[in-house]
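Asks: Have a peek at model23.cif (mmCIF, C-alpha atoms).
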```
data_structure
#
loop_
_atom_site.label_atom_id
_atom_site.label_comp_id
_atom_site.auth_asym_id
_atom_site.auth_seq_id
_atom_site.Cartn_x
_atom_site.Cartn_y
_atom_site.Cartn_z
CA MET A 4 -64.17 -35.75 -16.14
CA LEU A 5 -66.45 -32.89 -15.09
CA ASP A 6 -64.09 -32.03 -12.23
CA ILE A 7 -61.15 -31.79 -14.64
CA VAL A 8 -63.09 -29.42 -16.90
CA LYS A 9 -64.08 -27.25 -13.92
CA GLU A 10 -60.48 -27.06 -12.67
CA SER A 11 -59.23 -26.24 -16.17
CA LEU A 12 -61.78 -23.46 -16.55
CA LEU A 13 -60.80 -22.15 -13.11
CA VAL A 14 -57.14 -22.00 -14.19
CA VAL A 15 -58.10 -20.11 -17.35
CA VAL A 16 -60.14 -17.62 -15.32
CA ARG A 17 -57.26 -17.12 -12.88
CA ILE A 18 -54.80 -16.51 -15.69
CA SER A 19 -57.17 -14.03 -17.37
CA THR A 20 -57.40 -12.02 -14.14
CA ILE A 21 -53.87 -12.39 -12.75
CA VAL A 22 -51.92 -11.58 -15.93
CA PRO A 23 -53.61 -8.18 -16.48
CA LEU A 24 -53.08 -7.39 -12.79
CA MET A 25 -49.40 -8.35 -13.11
CA LEU A 26 -49.09 -6.15 -16.21
CA VAL A 27 -50.57 -3.14 -14.44
CA THR A 28 -48.36 -3.77 -11.38
CA VAL A 29 -45.12 -4.03 -13.39
CA ILE A 30 -45.99 -0.89 -15.37
CA PHE A 31 -46.61 0.88 -12.07
CA MET A 32 -43.26 -0.33 -10.72
CA GLY A 33 -41.49 1.37 -13.63
CA LYS A 34 -38.93 0.78 -16.40
CA ARG A 35 -36.04 -0.04 -14.09
CA THR A 36 -37.78 -3.24 -13.03
CA ILE A 37 -37.42 -4.72 -16.53
CA GLY A 38 -34.53 -2.62 -17.86
CA GLU A 39 -32.14 -3.73 -15.16
CA LEU A 40 -32.45 -5.88 -12.07
CA PRO A 41 -30.86 -4.56 -8.89
CA ILE A 42 -30.91 -7.14 -6.12
CA PHE A 43 -34.09 -5.90 -4.42
CA ASP A 44 -36.03 -5.71 -7.70
CA LEU A 45 -34.85 -9.22 -8.55
CA LEU A 46 -36.25 -10.49 -5.23
CA ILE A 47 -39.58 -8.77 -5.96
CA ILE A 48 -39.81 -10.32 -9.44
CA LEU A 49 -38.96 -13.80 -8.08
CA THR A 50 -41.56 -13.44 -5.33
CA LEU A 51 -44.20 -12.28 -7.80
CA GLY A 52 -43.44 -15.28 -9.99
CA SER A 53 -43.77 -17.67 -7.04
CA VAL A 54 -47.06 -16.15 -5.86
CA VAL A 55 -48.65 -16.13 -9.32
CA GLY A 56 -47.32 -19.60 -10.22
CA ALA A 57 -48.76 -21.13 -7.06
CA ASP A 58 -52.11 -19.41 -7.61
CA ILE A 59 -52.44 -20.65 -11.19
CA ALA A 60 -51.22 -24.18 -10.51
CA ASP A 61 -53.26 -24.86 -7.36
CA PRO A 62 -57.02 -24.19 -7.63
CA ASN A 63 -57.33 -24.69 -3.85
CA ILE A 64 -55.44 -21.46 -3.17
CA ASN A 65 -57.71 -18.51 -2.44
CA HIS A 66 -57.56 -16.15 -5.42
CA ILE A 67 -58.21 -12.87 -3.59
CA PRO A 68 -55.15 -13.02 -1.25
CA THR A 69 -52.98 -13.63 -4.34
CA ALA A 70 -54.25 -10.41 -5.92
CA VAL A 71 -53.65 -8.56 -2.64
CA ALA A 72 -50.10 -9.98 -2.49
CA ILE A 73 -49.35 -8.78 -6.03
CA ILE A 74 -50.58 -5.26 -5.27
CA ALA A 75 -48.67 -5.20 -1.96
CA LEU A 76 -45.43 -6.29 -3.63
CA GLY A 77 -45.85 -3.61 -6.29
CA LEU A 78 -46.40 -0.94 -3.64
CA LEU A 79 -43.41 -2.20 -1.63
CA GLN A 80 -41.12 -2.04 -4.65
CA LYS A 81 -42.30 1.46 -5.49
CA PHE A 82 -41.79 2.61 -1.90
CA VAL A 83 -38.25 1.20 -1.78
CA ALA A 84 -37.40 2.74 -5.18
CA VAL A 85 -38.50 6.19 -3.96
CA ALA A 86 -36.65 5.69 -0.66
CA LYS A 87 -33.44 4.81 -2.53
CA ILE A 88 -33.66 8.03 -4.54
CA SER A 89 -34.36 10.23 -1.52
CA ASN A 90 -31.86 8.52 0.81
CA ARG A 91 -28.57 7.40 -0.77
CA SER A 92 -27.38 5.73 2.45
CA PHE A 93 -30.46 3.49 2.44
CA GLY A 94 -29.91 2.70 -1.23
CA LYS A 95 -26.35 1.54 -0.59
CA LEU A 96 -27.57 -0.89 2.08
CA ILE A 97 -29.85 -2.85 -0.25
CA THR A 98 -27.73 -3.07 -3.39
CA PHE A 99 -24.20 -3.84 -4.56
CA GLN A 100 -21.50 -1.22 -5.07
CA PRO A 101 -19.91 -0.89 -8.54
CA THR A 102 -16.50 -2.56 -8.63
CA ILE A 103 -13.47 -1.66 -10.74
CA VAL A 104 -12.00 -4.79 -12.31
CA ILE A 105 -9.57 -3.24 -14.84
CA GLN A 106 -7.59 -0.04 -14.47
CA ASN A 107 -5.19 1.17 -17.18
CA GLY A 108 -5.25 -2.21 -18.89
CA LYS A 109 -4.43 -4.18 -15.74
CA PHE A 110 -6.79 -6.53 -13.93
CA VAL A 111 -7.57 -5.64 -10.32
CA ASP A 112 -7.16 -9.11 -8.82
CA ALA A 113 -8.34 -8.21 -5.29
CA ASN A 114 -11.59 -6.64 -6.52
CA MET A 115 -12.33 -9.57 -8.84
CA LYS A 116 -12.00 -11.99 -5.95
CA LYS A 117 -14.38 -9.91 -3.82
CA ILE A 118 -17.18 -10.27 -6.36
CA ASN A 119 -16.23 -13.82 -7.45
CA TYR A 120 -15.51 -12.89 -11.07
CA SER A 121 -12.86 -14.85 -12.95
CA ILE A 122 -10.60 -13.68 -15.77
CA ASP A 123 -12.74 -15.68 -18.19
CA ASN A 124 -15.87 -13.83 -17.04
CA ILE A 125 -14.29 -10.42 -17.67
CA LEU A 126 -12.73 -11.42 -21.01
CA ARG A 127 -16.09 -12.71 -22.25
CA MET A 128 -17.84 -9.49 -21.22
CA LEU A 129 -15.14 -7.46 -22.97
CA ARG A 130 -15.54 -9.49 -26.17
CA GLU A 131 -19.29 -8.84 -26.07
CA LYS A 132 -18.39 -5.15 -26.27
CA GLY A 133 -16.04 -5.72 -29.19
CA ILE A 134 -12.85 -5.49 -27.10
CA PHE A 135 -10.37 -8.30 -27.66
CA ASP A 136 -7.37 -6.70 -25.95
CA PRO A 137 -7.65 -5.53 -22.30
CA THR A 138 -4.85 -3.00 -22.92
CA GLU A 139 -7.43 -0.88 -24.78
CA VAL A 140 -9.32 -0.39 -21.51
CA GLN A 141 -8.70 2.55 -19.23
CA THR A 142 -11.34 1.57 -16.67
CA ALA A 143 -13.79 -1.35 -16.55
CA ILE A 144 -16.47 -1.50 -13.88
CA VAL A 145 -18.83 -4.29 -12.89
CA GLU A 146 -22.05 -2.44 -12.10
CA ALA A 147 -24.55 -3.26 -9.36
CA ASN A 148 -26.63 -5.30 -11.82
CA GLY A 149 -23.62 -7.38 -12.92
CA GLU A 150 -23.09 -5.67 -16.28
CA LEU A 151 -19.69 -4.42 -17.40
CA SER A 152 -19.14 -0.72 -18.19
CA VAL A 153 -15.96 0.10 -20.11
CA LEU A 154 -14.06 3.33 -20.69
CA LYS A 155 -11.46 2.89 -23.44
CA HIS A 156 -8.22 4.79 -23.65
CA ALA A 157 -8.69 7.88 -25.81
CA ARG A 158 -6.70 6.48 -28.71
CA TYR A 159 -9.10 3.51 -28.99
CA GLN A 160 -12.31 5.50 -28.88
CA ALA A 161 -14.40 6.35 -31.92
CA VAL A 162 -13.12 9.09 -34.27
CA THR A 163 -9.60 9.11 -32.89
CA ARG A 164 -6.28 10.07 -34.43
CA GLN A 165 -5.82 6.41 -35.28
CA ASP A 166 -9.03 6.41 -37.34
CA MET A 167 -7.65 9.40 -39.26
CA ASN A 168 -4.38 7.56 -39.96
CA ILE A 169 -2.35 10.11 -38.02
CA ILE A 170 -0.89 7.27 -36.00
CA PRO A 171 -0.16 4.02 -37.85
CA TYR A 172 -1.83 1.05 -36.25
CA SER A 173 -3.18 -2.37 -37.03
CA SER A 174 -6.14 -4.24 -35.63
CA ASN A 175 -5.00 -6.37 -32.76
CA ILE A 176 -6.45 -9.36 -31.03
CA ALA A 177 -4.63 -10.26 -27.84
CA LEU A 178 -4.91 -13.86 -26.67
CA PRO A 179 -4.49 -14.94 -23.04
CA ILE A 180 -1.15 -16.71 -22.90
CA ILE A 181 -0.91 -16.88 -19.09
CA ILE A 182 -3.78 -17.21 -16.63
CA GLU A 183 -2.87 -17.39 -12.96
CA GLY A 184 0.63 -18.71 -13.67
CA ASP A 185 -0.38 -21.34 -16.25
CA ILE A 186 1.00 -20.95 -19.81
CA SER A 187 -1.30 -21.80 -22.71
CA ARG A 188 0.37 -24.19 -25.14
CA GLU A 189 -2.28 -23.47 -27.78
CA VAL A 190 -1.58 -19.73 -27.73
CA MET A 191 2.20 -20.33 -27.88
CA LYS A 192 1.69 -22.60 -30.88
CA HIS A 193 -0.58 -20.02 -32.54
CA PHE A 194 2.09 -17.31 -32.31
CA GLY A 195 5.02 -19.66 -32.85
CA VAL A 196 6.77 -18.96 -29.55
CA LYS A 197 8.12 -21.17 -26.79
CA ALA A 198 7.75 -21.09 -23.03
CA SER A 199 11.40 -20.07 -22.69
CA TRP A 200 10.74 -17.03 -24.89
CA VAL A 201 7.74 -16.03 -22.79
CA ARG A 202 9.75 -16.34 -19.58
CA ARG A 203 12.59 -14.32 -21.11
CA GLN A 204 10.21 -11.51 -22.15
CA LEU A 205 8.76 -11.38 -18.66
CA ALA A 206 12.24 -11.39 -17.12
CA LEU A 207 13.16 -8.37 -19.25
CA ASN A 208 10.28 -6.58 -17.51
CA GLY A 209 11.45 -7.64 -14.07
CA VAL A 210 9.13 -10.64 -13.62
CA LYS A 211 11.35 -13.49 -12.48
CA ASP A 212 8.68 -16.03 -11.48
CA ILE A 213 5.86 -16.85 -13.89
CA ASN A 214 3.68 -17.82 -10.92
CA GLU A 215 3.57 -14.12 -10.01
CA VAL A 216 1.57 -13.43 -13.19
CA PHE A 217 -2.21 -13.20 -12.77
CA TYR A 218 -2.90 -12.61 -16.46
CA ALA A 219 -0.78 -12.05 -19.56
CA SER A 220 -1.80 -11.57 -23.18
CA LEU A 221 0.14 -11.76 -26.42
CA ASN A 222 -0.77 -10.00 -29.67
CA ARG A 223 0.31 -10.49 -33.28
CA GLU A 224 3.12 -7.98 -32.79
CA LEU A 225 4.46 -10.37 -30.13
CA GLU A 226 3.91 -7.78 -27.41
CA ILE A 227 3.22 -9.12 -23.94
CA HIS A 228 0.97 -7.25 -21.56
CA TYR A 229 0.63 -8.66 -18.06
CA THR A 230 -0.97 -8.15 -14.67
CA LEU A 231 0.73 -9.45 -11.55
CA LYS A 232 -1.19 -11.24 -8.80
CA LYS A 233 -0.18 -8.51 -6.38
CA GLU A 234 -0.16 -5.47 -8.62
CA ALA A 235 1.12 -2.38 -6.81
CA GLY A 236 0.97 1.31 -7.50
CA GLU A 237 -2.29 1.45 -9.49
CA LYS A 238 -4.54 4.10 -7.98
CA LEU A 239 -8.24 3.39 -8.53
CA PRO A 240 -10.79 6.18 -9.04
CA PRO A 241 -13.50 6.35 -6.34
CA ILE A 242 -16.45 4.87 -8.24
CA LYS A 243 -19.61 4.90 -6.10
CA HIS A 244 -23.38 4.99 -6.60
#
```
Go through the file and emit its structure as structure tokens.
Replies:
Amino acid sequence: MLDIVKESLLVVVRISTIVPLMLVTVIFMGKRTIGELPIFDLLIILTLGSVVGADIADPNINHIPTAVAIIALGLLQKFVAVAKISNRSFGKLITFQPTIVIQNGKFVDANMKKINYSIDNILRMLREKGIFDPTEVQTAIVEANGELSVLKHARYQAVTRQDMNIIPYSSNIALPIIIEGDISREVMKHFGVKASWVRRQLALNGVKDINEVFYASLNRELEIHYTLKKEAGEKLPPIKH
């Protein structure tokens, strides 16, 4: 019983010393460590968590080396952060490049495959930004930290001619009616259309085989917007760090 009390008190003492040290270290590392997590910062945070967790959970671990490890990791992160700012080439080596996934309302299939993002991933991220129709998007970029940045077409941005009723418009929600060649029966039922109608609309736009379609949406005006699996002719802006 006495041993259990001693070990419990030791854990409390370790927590009371390690947590303030962690707080000071994270503050020293800077806002970017908690505001966003580039890949290197994520590794540092995971390592810190492992070191501190092991120290608290196992009283047999020497406490001083743990404190040294925390300080060393904080200094390493700070050094790398400064090196990334002073040397862009070094920064590119230890982080991800931003990736364009939508350009002028069309999904960039090849780029999405490179970063292992699905249509569902991008649609969810768009909805989180209040965008329910990809045709509103001029450019969408998956940043190095995995977040989605979106530039809307001018007519969909705040305080536009549409907001001033210069151009008549109605709020639109576009539902995915085709994803990678598969037609959604639920969406067809919602809009009261048939598969033959969808195929006919695509054929009018020169799409003869539905399997060529990577993504297609349908809005309440019964307008189809689509992206082909091998979309050609869309020039992407050179987005870099």
Asks: Can you work out the spacing between atom CA of Lys155 of chain A and atom CA of Leu225 of chain A in Å, to one decimal?
Replies: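 Going from atom CA of Lys155 of chain A over to atom CA of Leu225 of chain A covers 21.8 Å.
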Asks: Measure the distance from atom CA of Leu45 of chain A to atom CA of Ala86 of chain A in Å and round it to one decimal.
Replies: 17.0 Å
Asks: With the file shown as input, list the residues that the PyMOL selection byres ((chain A and resi 66-71) around 8) selects, as a list in words.
Replies: Arg17, Ile21, Leu24, Val54, Val55, Asp58, Ile64, Asn65, Ala72, Ile73, Ile74 and Ala75 of chain A
Asks: Write the selection just made, keeping C-alpha atoms, as a PDB file, in the frame of the given file?
Replies:
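Result file result-v5.pdb:
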```
ATOM      1  CA  ARG A  17     -57.260 -17.120 -12.880  1.00  0.00           C
ATOM      2  CA  ILE A  21     -53.870 -12.390 -12.750  1.00  0.00           C
ATOM      3  CA  LEU A  24     -53.080  -7.390 -12.790  1.00  0.00           C
ATOM      4  CA  VAL A  54     -47.060 -16.150  -5.860  1.00  0.00           C
ATOM      5  CA  VAL A  55     -48.650 -16.130  -9.320  1.00  0.00           C
ATOM      6  CA  ASP A  58     -52.110 -19.410  -7.610  1.00  0.00           C
ATOM      7  CA  ILE A  64     -55.440 -21.460  -3.170  1.00  0.00           C
ATOM      8  CA  ASN A  65     -57.710 -18.510  -2.440  1.00  0.00           C
ATOM      9  CA  ALA A  72     -50.100  -9.980  -2.490  1.00  0.00           C
ATOM     10  CA  ILE A  73     -49.350  -8.780  -6.030  1.00  0.00           C
ATOM     11  CA  ILE A  74     -50.580  -5.260  -5.270  1.00  0.00           C
ATOM     12  CA  ALA A  75     -48.670  -5.200  -1.960  1.00  0.00           C
TER      13      ALA A  75
END
```
Asks: Skip Gln204 of chain A itself and residues of its chain fewer than 6 positions away, then list as an mmCIF file with C-alpha atoms, in the coordinates of the input all residues within 12 Å of it, counting all atoms listed in the file.
Replies:
```cif
data_model
loop_
_atom_site.group_PDB
_atom_site.id
_atom_site.type_symbol
_atom_site.label_atom_id
_atom_site.label_comp_id
_atom_site.auth_asym_id
_atom_site.auth_seq_id
_atom_site.Cartn_x
_atom_site.Cartn_y
_atom_site.Cartn_z
ATOM 1 C CA VAL A 196 6.770 -18.960 -29.550
ATOM 2 C CA LYS A 197 8.120 -21.170 -26.790
ATOM 3 C CA ALA A 198 7.750 -21.090 -23.030
ATOM 4 C CA VAL A 210 9.130 -10.640 -13.620
ATOM 5 C CA LYS A 211 11.350 -13.490 -12.480
ATOM 6 C CA ASP A 212 8.680 -16.030 -11.480
ATOM 7 C CA ILE A 213 5.860 -16.850 -13.890
ATOM 8 C CA ALA A 219 -0.780 -12.050 -19.560
ATOM 9 C CA LEU A 221 0.140 -11.760 -26.420
ATOM 10 C CA LEU A 225 4.460 -10.370 -30.130
ATOM 11 C CA GLU A 226 3.910 -7.780 -27.410
ATOM 12 C CA ILE A 227 3.220 -9.120 -23.940
ATOM 13 C CA HIS A 228 0.970 -7.250 -21.560
ATOM 14 C CA TYR A 229 0.630 -8.660 -18.060
#
```
Asks: Work out how far apart atom CA of Thr142 of chain A and atom CA of His156 of chain A are and give it in Å to one decimal.
Replies: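 Straight-line distance from atom CA of Thr142 of chain A to atom CA of His156 of chain A works out to 8.3 Å.
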Asks: If we count only C-alpha atoms, what is near Gly184 of chain A at a cut-off of 7 Å, once residues fewer than 4 positions away on the same chain are taken out, given as a CSV table (one decimal) with C-alpha atoms, in the frame of the given file?
Replies:
```
chain,number,residue,atom,x,y,z
A,213,ILE,CA,5.9,-16.8,-13.9
A,214,ASN,CA,3.7,-17.8,-10.9
A,215,GLU,CA,3.6,-14.1,-10.0
A,216,VAL,CA,1.6,-13.4,-13.2
A,217,PHE,CA,-2.2,-13.2,-12.8
```
Asks: Determine, counting only C-alpha atoms, which protein, DNA and RNA residues have an atom within 10 Å of an atom of segment 187-195 of chain A; residues of the same chain fewer than 6 positions away are not included. Present the result as a list in words.
Replies: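 Residues meeting the cut-off are Ala177, Leu178, Pro179, Ile180, Ile181, Val201, Ser220, Leu221, Asn222, Arg223, Glu224 and Leu225 of chain A.
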Asks: Residues picked by the PyMOL selection byres ((chain A and resi 149) around 12) here, as a list in words?
Replies: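 Listing what the PyMOL selection byres ((chain A and resi 149) around 12) selects in the shown file: Glu39, Leu40, Pro41, Ile42, Thr98, Phe99, Gln100, Pro101, Thr102, Ile103, Val104, Ile118, Asn119, Tyr120, Asn124, Ile125, Met128, Ile144, Val145, Glu146, Ala147, Asn148, Glu150, Leu151 and Ser152 of chain A.
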Asks: Identify the residues around (-8.0, -7.8, -24.9) within a radius of 9 Å, measuring from only C-alpha atoms in the coordinates stated by the file, and give them as a list in words.
Replies: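 Nearby residues: Gly108, Leu126, Leu129, Arg130, Ile134, Phe135, Asp136, Pro137, Thr138, Glu139, Val140, Asn175, Ile176, Ala177, Leu178, Pro179, Ser220 and Asn222 of chain A.
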Asks: Run the PyMOL selection byres ((chain A and resi 111) around 10) against the file shown and list the residues it catches, as a ChimeraX atom specification.
Replies: /A:102-110,112-116,143,217,230-235,237,239
Asks: Write the residues of the selection above to a file with C-alpha atoms, as a PDB file, in the frame of the given file.
Replies:
```
ATOM      1  CA  THR A 102     -16.500  -2.560  -8.630  1.00  0.00           C
ATOM      2  CA  ILE A 103     -13.470  -1.660 -10.740  1.00  0.00           C
ATOM      3  CA  VAL A 104     -12.000  -4.790 -12.310  1.00  0.00           C
ATOM      4  CA  ILE A 105      -9.570  -3.240 -14.840  1.00  0.00           C
ATOM      5  CA  GLN A 106      -7.590  -0.040 -14.470  1.00  0.00           C
ATOM      6  CA  ASN A 107      -5.190   1.170 -17.180  1.00  0.00           C
ATOM      7  CA  GLY A 108      -5.250  -2.210 -18.890  1.00  0.00           C
ATOM      8  CA  LYS A 109      -4.430  -4.180 -15.740  1.00  0.00           C
ATOM      9  CA  PHE A 110      -6.790  -6.530 -13.930  1.00  0.00           C
ATOM     10  CA  ASP A 112      -7.160  -9.110  -8.820  1.00  0.00           C
ATOM     11  CA  ALA A 113      -8.340  -8.210  -5.290  1.00  0.00           C
ATOM     12  CA  ASN A 114     -11.590  -6.640  -6.520  1.00  0.00           C
ATOM     13  CA  MET A 115     -12.330  -9.570  -8.840  1.00  0.00           C
ATOM     14  CA  LYS A 116     -12.000 -11.990  -5.950  1.00  0.00           C
ATOM     15  CA  ALA A 143     -13.790  -1.350 -16.550  1.00  0.00           C
ATOM     16  CA  PHE A 217      -2.210 -13.200 -12.770  1.00  0.00           C
ATOM     17  CA  THR A 230      -0.970  -8.150 -14.670  1.00  0.00           C
ATOM     18  CA  LEU A 231       0.730  -9.450 -11.550  1.00  0.00           C
ATOM     19  CA  LYS A 232      -1.190 -11.240  -8.800  1.00  0.00           C
ATOM     20  CA  LYS A 233      -0.180  -8.510  -6.380  1.00  0.00           C
ATOM     21  CA  GLU A 234      -0.160  -5.470  -8.620  1.00  0.00           C
ATOM     22  CA  ALA A 235       1.120  -2.380  -6.810  1.00  0.00           C
ATOM     23  CA  GLU A 237      -2.290   1.450  -9.490  1.00  0.00           C
ATOM     24  CA  LEU A 239      -8.240   3.390  -8.530  1.00  0.00           C
TER      25      LEU A 239
END
```
